[in-house]
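Below is protein-v1.tsv, which holds TSV, C-alpha atoms and all ligand atoms.
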```tsv
chain	number	residue	atom	x	y	z
B	1	MET	CA	-13.05	-0.93	17.72
B	2	ARG	CA	-9.47	-0.06	16.78
B	3	ARG	CA	-8.60	3.55	15.89
B	4	ILE	CA	-7.96	4.08	12.15
B	5	LYS	CA	-5.01	6.25	11.14
B	6	ILE	CA	-5.30	7.88	7.73
B	7	ALA	CA	-2.68	9.92	5.86
B	8	VAL	CA	-4.53	12.76	4.15
B	9	VAL	CA	-2.91	14.23	1.01
B	10	GLU	CA	-4.84	17.12	-0.52
B	11	GLY	CA	-2.17	17.68	-3.18
B	12	ASP	CA	-2.69	20.44	-5.74
B	13	GLY	CA	-5.45	22.21	-7.67
B	14	ILE	CA	-8.92	20.92	-6.92
B	15	GLY	CA	-7.42	18.31	-4.59
B	16	ARG	CA	-7.35	21.17	-2.06
B	17	GLU	CA	-11.09	21.57	-2.43
B	18	VAL	CA	-12.49	18.07	-2.87
B	19	ILE	CA	-10.47	16.43	-0.08
B	20	PRO	CA	-11.51	19.00	2.59
B	21	ALA	CA	-15.10	18.59	1.32
B	22	ALA	CA	-14.86	14.81	1.79
B	23	ILE	CA	-13.29	15.29	5.22
B	24	THR	CA	-16.36	17.27	6.38
B	25	VAL	CA	-18.38	14.14	5.52
B	26	LEU	CA	-15.89	11.91	7.35
B	27	ASP	CA	-16.00	14.16	10.42
B	28	THR	CA	-19.74	13.60	10.87
B	29	LEU	CA	-19.24	9.84	11.26
B	30	PRO	CA	-19.08	8.40	14.79
B	31	LEU	CA	-15.68	6.78	14.21
B	32	ASP	CA	-12.35	6.86	15.99
B	33	ILE	CA	-10.14	8.21	13.21
B	34	GLU	CA	-6.79	9.98	13.32
B	35	LYS	CA	-6.08	12.11	10.24
B	36	VAL	CA	-2.45	12.90	9.46
B	37	PRO	CA	-2.04	15.70	6.89
B	38	VAL	CA	0.85	15.15	4.47
B	39	GLU	CA	1.98	17.81	2.03
B	40	ILE	CA	3.28	16.42	-1.24
B	41	GLY	CA	3.01	17.55	-4.86
B	42	TYR	CA	3.67	20.55	-7.05
B	43	GLY	CA	3.28	23.13	-4.26
B	44	LYS	CA	5.93	21.34	-2.20
B	45	TRP	CA	8.19	20.94	-5.26
B	46	LYS	CA	8.04	24.72	-5.88
B	47	ARG	CA	8.97	25.45	-2.26
B	48	THR	CA	11.60	22.75	-1.68
B	49	GLY	CA	12.60	21.28	-5.04
B	50	LYS	CA	11.11	17.89	-4.06
B	51	ALA	CA	7.53	16.74	-4.57
B	52	MET	CA	7.86	14.03	-1.91
B	53	THR	CA	10.54	13.01	0.60
B	54	ASP	CA	11.55	9.89	2.55
B	55	ASP	CA	9.95	11.47	5.64
B	56	ASP	CA	6.61	11.48	3.81
B	57	PHE	CA	7.02	7.75	3.20
B	58	ASP	CA	7.74	7.23	6.91
B	59	ILE	CA	4.44	8.95	7.73
B	60	PHE	CA	2.59	6.82	5.16
B	61	GLU	CA	4.09	3.70	6.69
B	62	SER	CA	2.82	4.69	10.15
B	63	CYS	CA	-0.77	4.96	8.79
B	64	ASP	CA	-3.34	2.33	7.78
B	65	CYS	CA	-3.99	3.86	4.37
B	66	ILE	CA	-3.83	7.08	2.31
B	67	PHE	CA	-6.67	9.38	1.26
B	68	PHE	CA	-5.30	11.21	-1.77
B	69	GLY	CA	-6.46	14.25	-3.79
B	70	ALA	CA	-4.51	15.04	-6.95
B	71	ILE	CA	-1.04	16.18	-7.93
B	72	THR	CA	-0.03	18.60	-10.68
B	73	THR	CA	3.04	17.24	-12.48
B	74	PRO	CA	6.06	19.51	-11.83
B	75	PRO	CA	7.91	20.66	-14.98
B	76	ASP	CA	11.02	18.64	-14.13
B	77	PRO	CA	12.46	16.05	-16.56
B	78	ASP	CA	13.70	13.94	-13.60
B	79	TYR	CA	10.32	13.95	-11.84
B	80	LYS	CA	8.96	10.49	-11.11
B	81	SER	CA	5.21	10.37	-10.45
B	82	VAL	CA	4.59	10.33	-6.71
B	83	LEU	CA	1.56	8.12	-7.26
B	84	VAL	CA	3.62	5.58	-9.19
B	85	GLN	CA	6.23	5.65	-6.38
B	86	ILE	CA	3.56	5.04	-3.73
B	87	ARG	CA	1.97	2.24	-5.77
B	88	GLN	CA	5.35	0.55	-6.17
B	89	ARG	CA	6.51	1.04	-2.57
B	90	PHE	CA	3.31	-0.47	-1.12
B	91	ASP	CA	2.76	-2.90	-4.02
B	92	LEU	CA	-0.77	-1.58	-4.64
B	93	TYR	CA	-1.47	-3.98	-7.48
B	94	ALA	CA	-5.24	-3.65	-7.89
B	95	ASN	CA	-6.77	-0.43	-9.17
B	96	ILE	CA	-10.52	-0.59	-8.64
B	97	ARG	CA	-12.74	1.87	-10.48
B	98	PRO	CA	-16.51	1.50	-10.05
B	99	ILE	CA	-18.63	3.07	-12.80
B	100	LYS	CA	-22.24	3.57	-11.69
B	101	SER	CA	-24.87	5.88	-13.13
B	102	LEU	CA	-26.46	8.44	-10.81
B	103	ALA	CA	-29.78	10.25	-11.00
B	104	CYS	CA	-29.91	13.77	-12.41
B	105	THR	CA	-26.84	13.47	-14.64
B	106	GLY	CA	-28.95	13.39	-17.80
B	107	MET	CA	-27.03	10.35	-19.03
B	108	GLY	CA	-30.12	8.14	-19.15
B	109	ARG	CA	-28.74	4.58	-19.13
B	110	GLU	CA	-28.51	2.15	-16.19
B	111	ILE	CA	-24.80	1.46	-15.79
B	112	ASP	CA	-23.16	-0.43	-12.96
B	113	PHE	CA	-19.81	-2.11	-13.55
B	114	VAL	CA	-16.32	-2.07	-12.11
B	115	ILE	CA	-12.96	-1.93	-13.84
B	116	VAL	CA	-10.22	-3.94	-12.14
B	117	ARG	CA	-6.95	-2.69	-13.58
B	118	GLU	CA	-3.54	-4.25	-12.99
B	119	ASN	CA	-1.57	-1.43	-11.41
B	120	THR	CA	2.10	-2.35	-11.24
B	121	GLU	CA	3.32	-3.68	-14.58
B	122	GLY	CA	2.21	-3.70	-18.24
B	123	MET	CA	3.13	-0.58	-20.21
B	124	TYR	CA	3.82	1.26	-16.94
B	125	SER	CA	6.65	-1.06	-15.91
B	126	GLY	CA	8.99	1.94	-16.00
B	127	ILE	CA	11.50	0.00	-18.12
B	128	GLU	CA	12.34	2.39	-20.95
B	129	GLN	CA	15.36	2.79	-23.14
B	130	VAL	CA	15.90	6.20	-24.75
B	131	LEU	CA	18.08	5.91	-27.88
B	132	PRO	CA	19.05	8.79	-30.19
B	133	ASP	CA	16.29	8.12	-32.70
B	134	ALA	CA	13.98	5.72	-30.92
B	135	VAL	CA	12.51	5.02	-27.51
B	136	HIS	CA	11.69	1.49	-26.34
B	137	SER	CA	9.07	1.08	-23.61
B	138	THR	CA	8.91	-2.46	-22.24
B	139	ARG	CA	5.52	-4.05	-21.55
B	140	VAL	CA	5.95	-6.49	-18.69
B	141	ILE	CA	3.23	-9.05	-17.96
B	142	THR	CA	4.09	-11.69	-15.35
B	143	ARG	CA	2.25	-14.82	-14.23
B	144	ARG	CA	2.23	-13.63	-10.62
B	145	GLY	CA	0.97	-10.14	-11.59
B	146	SER	CA	-1.77	-11.64	-13.74
B	147	GLU	CA	-2.74	-14.23	-11.12
B	148	ARG	CA	-3.24	-11.80	-8.28
B	149	ILE	CA	-5.30	-9.32	-10.31
B	150	ALA	CA	-7.38	-12.18	-11.72
B	151	GLU	CA	-7.99	-13.51	-8.20
B	152	TYR	CA	-9.08	-10.04	-7.07
B	153	ALA	CA	-11.47	-9.60	-10.00
B	154	CYS	CA	-12.89	-13.12	-9.54
B	155	SER	CA	-13.59	-12.36	-5.87
B	156	LEU	CA	-15.58	-9.29	-6.88
B	157	ALA	CA	-17.50	-11.25	-9.54
B	158	PHE	CA	-18.14	-14.07	-7.05
B	159	GLU	CA	-19.69	-11.70	-4.46
B	160	LYS	CA	-22.72	-10.99	-6.67
B	161	ASP	CA	-22.48	-13.90	-9.12
B	162	GLU	CA	-21.52	-11.50	-11.91
B	163	LEU	CA	-19.99	-11.85	-15.37
B	164	LEU	CA	-16.21	-11.38	-15.61
B	165	THR	CA	-15.00	-9.78	-18.86
B	166	ILE	CA	-11.29	-10.36	-19.51
B	167	VAL	CA	-10.03	-7.54	-21.74
B	168	HIS	CA	-6.76	-7.98	-23.67
B	169	LYS	CA	-5.14	-7.71	-27.11
B	170	ALA	CA	-3.95	-11.30	-27.47
B	171	ASN	CA	-4.41	-11.31	-31.24
B	172	ILE	CA	-1.39	-8.97	-31.51
B	173	LEU	CA	0.51	-8.96	-28.22
B	174	LYS	CA	2.12	-12.15	-26.91
B	175	SER	CA	2.26	-10.60	-23.44
B	176	CYS	CA	-1.55	-10.64	-23.53
B	177	TRP	CA	-1.62	-14.41	-24.15
B	178	LEU	CA	-0.26	-14.96	-20.68
B	179	PHE	CA	-2.65	-12.43	-19.11
B	180	ARG	CA	-5.70	-13.87	-20.87
B	181	ASP	CA	-4.81	-17.52	-20.18
B	182	VAL	CA	-4.11	-16.93	-16.49
B	183	CYS	CA	-7.40	-15.03	-16.07
B	184	ILE	CA	-9.35	-17.79	-17.84
B	185	ASP	CA	-7.72	-20.54	-15.73
B	186	ILE	CA	-8.53	-18.76	-12.48
B	187	ALA	CA	-12.10	-17.91	-13.51
B	188	GLU	CA	-12.66	-21.57	-14.50
B	189	ARG	CA	-11.17	-22.88	-11.26
B	190	ARG	CA	-13.34	-20.55	-9.18
B	191	GLY	CA	-16.52	-21.24	-11.16
B	192	ILE	CA	-16.92	-17.64	-12.35
B	193	ARG	CA	-18.94	-16.88	-15.50
B	194	TRP	CA	-16.44	-15.30	-17.89
B	195	GLU	CA	-15.94	-14.02	-21.42
B	196	ASP	CA	-12.89	-12.52	-23.08
B	197	MET	CA	-12.84	-9.51	-25.38
B	198	LEU	CA	-10.24	-7.62	-27.40
B	199	VAL	CA	-9.67	-4.15	-25.97
B	200	ASP	CA	-10.82	-2.37	-29.15
B	201	ALA	CA	-14.05	-4.41	-29.20
B	202	ALA	CA	-14.51	-3.73	-25.49
B	203	ALA	CA	-14.24	0.05	-26.05
B	204	HIS	CA	-16.88	-0.19	-28.78
B	205	ARG	CA	-19.23	-2.32	-26.66
B	206	LEU	CA	-18.77	-0.07	-23.64
B	207	VAL	CA	-20.05	2.92	-25.59
B	208	LEU	CA	-22.92	1.03	-27.27
B	209	ASP	CA	-24.10	-1.16	-24.43
B	210	PRO	CA	-22.40	-0.40	-21.08
B	211	GLY	CA	-25.24	-2.03	-19.12
B	212	ARG	CA	-24.08	-5.52	-20.20
B	213	PHE	CA	-20.83	-5.33	-18.19
B	214	ASP	CA	-20.33	-6.33	-14.55
B	215	VAL	CA	-16.64	-6.81	-13.73
B	216	ILE	CA	-13.90	-5.99	-16.25
B	217	VAL	CA	-10.34	-7.16	-15.60
B	218	THR	CA	-7.53	-5.80	-17.73
B	219	THR	CA	-3.91	-4.71	-17.93
B	220	ASN	CA	-2.52	-1.36	-16.78
B	221	LEU	CA	-2.69	0.92	-19.84
B	222	PHE	CA	-5.94	-0.57	-21.19
B	223	GLY	CA	-7.56	-0.11	-17.77
B	224	ASP	CA	-6.35	3.48	-17.55
B	225	ILE	CA	-7.87	4.40	-20.91
B	226	LEU	CA	-11.11	2.42	-20.53
B	227	SER	CA	-11.81	3.90	-17.12
B	228	ASP	CA	-11.55	7.53	-18.27
B	229	MET	CA	-13.75	6.65	-21.25
B	230	SER	CA	-16.22	4.96	-18.93
B	231	ALA	CA	-16.29	8.05	-16.71
B	232	ALA	CA	-17.72	9.95	-19.66
B	233	LEU	CA	-20.56	7.39	-19.89
B	234	ILE	CA	-21.90	8.38	-16.46
B	235	GLY	CA	-21.36	12.15	-16.51
B	236	GLY	CA	-17.66	12.81	-16.16
B	237	LEU	CA	-14.54	12.55	-14.04
B	238	GLY	CA	-16.10	14.44	-11.14
B	239	LEU	CA	-18.12	11.32	-10.26
B	240	CYS	CA	-15.51	8.56	-10.42
B	241	ALA	CA	-13.84	7.10	-7.34
B	242	SER	CA	-10.96	4.68	-7.18
B	243	ALA	CA	-9.01	2.45	-4.83
B	244	ASN	CA	-5.41	1.25	-5.18
B	245	ILE	CA	-5.23	-1.93	-3.16
B	246	GLY	CA	-2.36	-4.15	-2.04
B	247	ASP	CA	-2.25	-7.06	0.39
B	248	ASN	CA	-1.63	-4.84	3.45
B	249	TYR	CA	-2.08	-1.24	2.37
B	250	ALA	CA	-4.31	0.92	0.19
B	251	LEU	CA	-4.68	4.39	-1.30
B	252	PHE	CA	-8.04	5.94	-2.19
B	253	GLU	CA	-8.37	8.80	-4.67
B	254	PRO	CA	-10.75	10.40	-7.14
B	255	VAL	CA	-9.94	9.33	-10.72
B	256	HIS	CA	-9.64	12.96	-11.83
B	257	GLY	CA	-6.47	15.04	-11.68
B	258	SER	CA	-5.82	18.48	-10.24
B	259	ALA	CA	-7.90	20.28	-12.95
B	260	PRO	CA	-6.05	23.61	-12.75
B	261	ASP	CA	-8.61	25.15	-15.15
B	262	ILE	CA	-11.31	25.14	-12.45
B	263	ALA	CA	-9.21	25.15	-9.27
B	264	GLY	CA	-9.95	27.63	-6.49
B	265	ARG	CA	-13.39	28.61	-7.76
B	266	GLY	CA	-15.67	26.27	-5.82
B	267	LEU	CA	-16.66	24.52	-9.06
B	268	ALA	CA	-15.08	21.12	-8.43
B	269	ASN	CA	-17.43	18.21	-7.97
B	270	PRO	CA	-16.59	16.58	-4.61
B	271	VAL	CA	-18.50	13.34	-5.36
B	272	ALA	CA	-15.50	11.40	-6.76
B	273	ALA	CA	-13.58	12.18	-3.55
B	274	ILE	CA	-16.58	11.38	-1.32
B	275	MET	CA	-17.20	8.06	-3.10
B	276	SER	CA	-13.46	7.30	-2.67
B	277	LEU	CA	-13.97	7.97	1.03
B	278	ALA	CA	-16.81	5.42	1.03
B	279	MET	CA	-14.47	2.86	-0.60
B	280	MET	CA	-11.86	3.61	2.07
B	281	LEU	CA	-14.36	3.10	4.91
B	282	ARG	CA	-15.41	-0.25	3.44
B	283	TRP	CA	-11.77	-1.37	3.14
B	284	CYS	CA	-11.26	-0.35	6.79
B	285	GLY	CA	-14.20	-2.57	7.77
B	286	ARG	CA	-16.60	0.29	8.52
B	287	VAL	CA	-19.31	-1.05	6.22
B	288	ARG	CA	-22.32	0.66	7.83
B	289	GLU	CA	-20.67	4.08	7.55
B	290	SER	CA	-19.51	3.35	4.00
B	291	ASP	CA	-23.08	2.45	2.97
B	292	ALA	CA	-24.40	5.60	4.68
B	293	VAL	CA	-22.00	7.80	2.70
B	294	GLN	CA	-22.81	6.07	-0.60
B	295	ASP	CA	-26.57	6.23	-0.02
B	296	ALA	CA	-26.28	9.90	0.97
B	297	VAL	CA	-24.62	10.63	-2.39
B	298	TYR	CA	-27.45	8.80	-4.23
B	299	ASP	CA	-30.09	10.76	-2.24
B	300	THR	CA	-28.40	14.08	-2.92
B	301	PHE	CA	-28.30	13.35	-6.65
B	302	ALA	CA	-31.94	12.27	-6.57
B	303	ARG	CA	-32.66	15.82	-5.34
B	304	CYS	CA	-30.41	17.23	-8.10
B	305	VAL	CA	-28.03	18.96	-5.71
B	306	THR	CA	-25.05	19.04	-8.09
B	307	THR	CA	-22.09	21.11	-9.27
B	308	PRO	CA	-21.95	22.80	-12.72
B	309	ASP	CA	-20.17	19.84	-14.45
B	310	ILE	CA	-23.43	17.91	-13.93
B	311	GLY	CA	-25.56	20.91	-14.91
B	312	GLY	CA	-26.31	22.05	-11.35
B	313	GLY	CA	-25.71	25.40	-9.71
B	314	CYS	CA	-24.19	24.32	-6.39
B	315	SER	CA	-20.66	24.90	-5.16
B	316	THR	CA	-18.26	22.21	-3.93
B	317	ALA	CA	-19.07	23.15	-0.32
B	318	GLU	CA	-22.84	23.18	-0.88
B	319	VAL	CA	-22.82	19.66	-2.34
B	320	ALA	CA	-20.61	18.44	0.52
B	321	THR	CA	-22.96	20.00	3.09
B	322	ALA	CA	-26.01	18.36	1.46
B	323	ILE	CA	-24.24	14.97	1.51
B	324	THR	CA	-23.13	15.48	5.12
B	325	GLU	CA	-26.72	16.25	6.19
B	326	ALA	CA	-27.98	13.18	4.32
B	327	VAL	CA	-25.37	11.02	6.11
B	328	GLU	CA	-26.53	12.40	9.47
B	329	ARG	CA	-30.15	11.54	8.63
B	330	LYS	CA	-29.17	8.00	7.58
B	331	LEU	CA	-27.16	7.30	10.73
B	332	ALA	CA	-29.96	8.70	12.94
B	333	ALA	CA	-32.67	6.55	11.23
Y	1	LIG	P1	-3.87	16.81	-14.23
Y	1	LIG	O1	-2.81	17.45	-15.08
Y	1	LIG	O2	-3.61	17.01	-12.77
Y	1	LIG	O3	-4.16	15.38	-14.56
Y	1	LIG	P2	-6.01	17.75	-15.86
Y	1	LIG	O4	-6.75	19.03	-15.86
Y	1	LIG	O5	-5.15	17.44	-17.03
Y	1	LIG	O6	-5.21	17.61	-14.48
Y	1	LIG	P3	-8.21	16.24	-14.88
Y	1	LIG	O7	-8.07	16.96	-13.62
Y	1	LIG	O8	-8.29	14.77	-14.77
Y	1	LIG	O9	-7.04	16.54	-15.85
Y	1	LIG	O10	-9.53	16.79	-15.55
Y	1	LIG	C1	-9.80	17.05	-16.90
Y	1	LIG	C2	-10.94	18.07	-16.93
Y	1	LIG	O11	-12.13	17.51	-16.37
Y	1	LIG	C3	-10.60	19.26	-16.06
Y	1	LIG	O12	-9.92	20.21	-16.80
Y	1	LIG	C4	-11.95	19.72	-15.56
Y	1	LIG	O13	-12.51	20.66	-16.42
Y	1	LIG	C5	-12.79	18.44	-15.53
Y	1	LIG	N1	-12.86	17.90	-14.17
Y	1	LIG	C6	-12.02	17.00	-13.61
Y	1	LIG	N2	-12.36	16.74	-12.34
Y	1	LIG	C7	-13.46	17.48	-12.07
Y	1	LIG	C8	-14.27	17.65	-10.91
Y	1	LIG	N3	-14.06	17.00	-9.76
Y	1	LIG	N4	-15.31	18.51	-11.01
Y	1	LIG	C9	-15.57	19.18	-12.15
Y	1	LIG	N5	-14.83	19.06	-13.26
Y	1	LIG	C10	-13.77	18.22	-13.24
```

Target format structure tokens, applied to this file:
Amino acid sequence: MRRIKIAVVEGDGIGREVIPAAITVLDTLPLDIEKVPVEIGYGKWKRTGKAMTDDDFDIFESCDCIFFGAITTPPDPDYKSVLVQIRQRFDLYANIRPIKSLACTGMGREIDFVIVRENTEGMYSGIEQVLPDAVHSTRVITRRGSERIAEYACSLAFEKDELLTIVHKANILKSCWLFRDVCIDIAERRGIRWEDMLVDAAAHRLVLDPGRFDVIVTTNLFGDILSDMSAALIGGLGLCASANIGDNYALFEPVHGSAPDIAGRGLANPVAAIMSLAMMLRWCGRVRESDAVQDAVYDTFARCVTTPDIGGGCSTAEVATAITEAVERKLAA
């Protein structure tokens, strides 16, 4: 099997804890993997005045994908988000955020859905006009952008014959007409069960009855907000993984940021990073290892080995060690 080359960006804050924790899990897997550390973020900006350079991009281009921690935003008015730059450069148009309840979180309800968020346009098009007394932010929705995210979401729904929920605000925004209509056309053509829902109604239903959702497809800003809200339904940001996927490249990262309030104290929950690792392994075609990592996380939660955000008393490293040992048991079985 071909060697996999991964760019590893710890970044700032708890990124420096959760990514090394996930790497200890990766290192127990019998895989031929080359890890290339790349320093970008606030720490680099303080040292050099730049959060990321062209050389960093050259390294990314030489790798199969990126495993990413979190970046603290530098206090610089000209700073452009490194994540947004990477998403644009590699055209990572699909942001995939699975929301699945785990044992021992005290959240009670059975939840298992995925948010498929368009990642390159919408309110985050970057087209903004700053006038003296007003600022105009342009919301761009294109047919091509809507088609490819709809195709991606339909493929996920097709895999398990699941319901596709198309979330939009077409009663107010004309840009959402196009998004909604394209999604409906593609779902119809591919024989996917679908419904459409206004984003405000979707937020309400997600809180009241999250178990009814399977695959949600939506535009950039709506997906951003709904996924953080959904994280709260299962126990918090420390549990939520994500993938940014393009046609030929991908970046995997926990949904949470650098959380400077808890950084450096061994309190960070490494599960979001470890589940992102599992998504990366699946994307790289290492399905058995991906399943082993995911199942090891479920087992560890079933034994209530958790960090303080979930009510447990374990450190970042202790949770990672428990998951690593569970992976070893699974692969040996
Ligand atoms: P940033 O500015 O980098 O986005 P932030 O602190 O504003 O960072 P997040 O890092 O997303 O935002 O987190 C919000 C809060 O959630 C944190 O302050 C922290 O208390 C909690 N949190 C986030 N991630 C984790 C984690 N992995 N484990 C435990 N708590 C977390």

Once you count only C-alpha atoms and all ligand atoms, what closest atom pair and distance in Å to one decimal does each residue of chain B within 10 Å of ligand LIG 1 (chain Y) have, with rows by chain and rising residue number, as CSV?
```
residue,atom,partner,partner_atom,distance
B:Gly11,CA,Y:LIG1,O2,9.7
B:Asp12,CA,Y:LIG1,O2,7.9
B:Gly13,CA,Y:LIG1,O2,7.5
B:Ile14,CA,Y:LIG1,N3,7.1
B:Gly15,CA,Y:LIG1,N3,8.5
B:Glu17,CA,Y:LIG1,N3,9.1
B:Val18,CA,Y:LIG1,N3,7.1
B:Tyr42,CA,Y:LIG1,O2,9.9
B:Gly69,CA,Y:LIG1,O2,9.8
B:Ala70,CA,Y:LIG1,O2,6.2
B:Ile71,CA,Y:LIG1,O2,5.5
B:Thr72,CA,Y:LIG1,O2,4.4
B:Thr73,CA,Y:LIG1,O1,6.4
B:Pro74,CA,Y:LIG1,O1,9.7
B:Asp228,CA,Y:LIG1,O8,8.7
B:Ala232,CA,Y:LIG1,O11,10.0
B:Gly236,CA,Y:LIG1,O11,7.3
B:Leu237,CA,Y:LIG1,N2,5.0
B:Gly238,CA,Y:LIG1,N3,3.6
B:Leu239,CA,Y:LIG1,N3,7.0
B:Cys240,CA,Y:LIG1,N3,8.6
B:Pro254,CA,Y:LIG1,N3,7.8
B:Val255,CA,Y:LIG1,O8,7.0
B:His256,CA,Y:LIG1,O8,3.7
B:Gly257,CA,Y:LIG1,O7,3.2
B:Ser258,CA,Y:LIG1,O2,3.7
B:Ala259,CA,Y:LIG1,O4,3.4
B:Pro260,CA,Y:LIG1,O4,5.6
B:Asp261,CA,Y:LIG1,O12,5.4
B:Ile262,CA,Y:LIG1,O13,6.1
B:Ala263,CA,Y:LIG1,C4,8.7
B:Gly266,CA,Y:LIG1,N4,9.3
B:Leu267,CA,Y:LIG1,C9,6.3
B:Ala268,CA,Y:LIG1,N4,3.7
B:Asn269,CA,Y:LIG1,N4,3.7
B:Pro270,CA,Y:LIG1,N3,5.8
B:Val271,CA,Y:LIG1,N3,7.2
B:Ala272,CA,Y:LIG1,N3,6.5
B:Ala273,CA,Y:LIG1,N3,7.9
B:Thr307,CA,Y:LIG1,C9,7.4
B:Pro308,CA,Y:LIG1,C9,7.4
B:Asp309,CA,Y:LIG1,C9,5.2
B:Ile310,CA,Y:LIG1,C9,8.2
B:Thr316,CA,Y:LIG1,N4,8.5
```

If I put a ball of radius 12 Å at (8.0, -0.9, -5.3) in the file's coordinates, which residues poke into it when counting all atoms listed in the file, written as a list in words? Val82, Leu83, Val84, Gln85, Ile86, Arg87, Gln88, Arg89, Phe90, Asp91, Leu92, Tyr93, Asn119, Thr120, Glu121, Ser125, Gly126 and Gly246 of chain B

Separation of CA of Pro20 (chain B) from CA of Ile274 (chain B), in Å and rounded to one decimal: 10.0 Å

To box region 175-186 of chain B, take all atoms listed in the file, fit an axis-aligned box, add 5 Å on each side, and give centre and edge lengths in Å to one decimal, as JSON.
```
{"center_x": -3.5, "center_y": -15.6, "center_z": -18.3, "size_x": 21.6, "size_y": 19.9, "size_z": 21.7}
```

Find the residues near Ala150 (chain B): any atom within 8 Å, counting only C-alpha atoms, skip ones fewer than 4 places away on the same chain, and give them as an NGL selection string. :B and (146 or 154 or 182-183 or 186-187 or 217)

With distances taken over all atoms listed in the file, which of B:Ala22, B:Ala7, B:Ile216, B:Leu233 is nearest to Ile323 (chain B)?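 Of all the options, B:Ala22 lies closest to Ile323 (chain B).
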
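The interatomic distance for the pair CA of Ile33 (chain B) and CA of Arg2 (chain B) works out to 9.0 Å.
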
Take region 59-64 of chain B, model all heavy atoms, and hand the result over as a compact mmCIF listing (two decimals), in the coordinates of the input.
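The result, written out as selection.txt:
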```
# COMPACT_ATOMS: atom_id res chain seq x y z
N ILE B 59 5.79 8.65 7.19
CA ILE B 59 4.44 8.95 7.73
C ILE B 59 3.44 7.97 7.12
O ILE B 59 2.61 7.39 7.83
CB ILE B 59 4.02 10.40 7.42
CG1 ILE B 59 4.99 11.38 8.07
CG2 ILE B 59 2.59 10.66 7.89
CD1 ILE B 59 4.76 12.84 7.72
N PHE B 60 3.53 7.76 5.80
CA PHE B 60 2.59 6.82 5.16
C PHE B 60 2.67 5.44 5.84
O PHE B 60 1.67 4.79 6.10
CB PHE B 60 2.89 6.66 3.67
CG PHE B 60 2.60 7.89 2.86
CD1 PHE B 60 3.34 8.18 1.72
CD2 PHE B 60 1.58 8.75 3.21
CE1 PHE B 60 3.08 9.31 0.96
CE2 PHE B 60 1.30 9.90 2.45
CZ PHE B 60 2.06 10.17 1.33
N GLU B 61 3.92 5.03 6.11
CA GLU B 61 4.09 3.70 6.69
C GLU B 61 3.48 3.58 8.08
O GLU B 61 3.08 2.50 8.51
CB GLU B 61 5.58 3.33 6.72
CG GLU B 61 5.88 2.39 5.58
CD GLU B 61 7.35 2.35 5.16
OE1 GLU B 61 8.22 2.76 5.96
OE2 GLU B 61 7.61 1.93 4.03
N SER B 62 3.39 4.73 8.79
CA SER B 62 2.82 4.69 10.15
C SER B 62 1.28 4.71 10.11
O SER B 62 0.64 4.63 11.15
CB SER B 62 3.33 5.88 10.95
OG SER B 62 2.68 7.07 10.50
N CYS B 63 0.70 4.86 8.92
CA CYS B 63 -0.77 4.96 8.79
C CYS B 63 -1.34 3.66 8.22
O CYS B 63 -0.62 2.82 7.68
CB CYS B 63 -1.14 6.12 7.87
SG CYS B 63 -0.68 7.73 8.54
N ASP B 64 -2.67 3.52 8.34
CA ASP B 64 -3.34 2.33 7.78
C ASP B 64 -3.52 2.44 6.27
O ASP B 64 -3.53 1.44 5.56
CB ASP B 64 -4.72 2.16 8.42
CG ASP B 64 -4.59 1.83 9.89
OD1 ASP B 64 -4.04 0.77 10.20
OD2 ASP B 64 -5.02 2.65 10.73
```
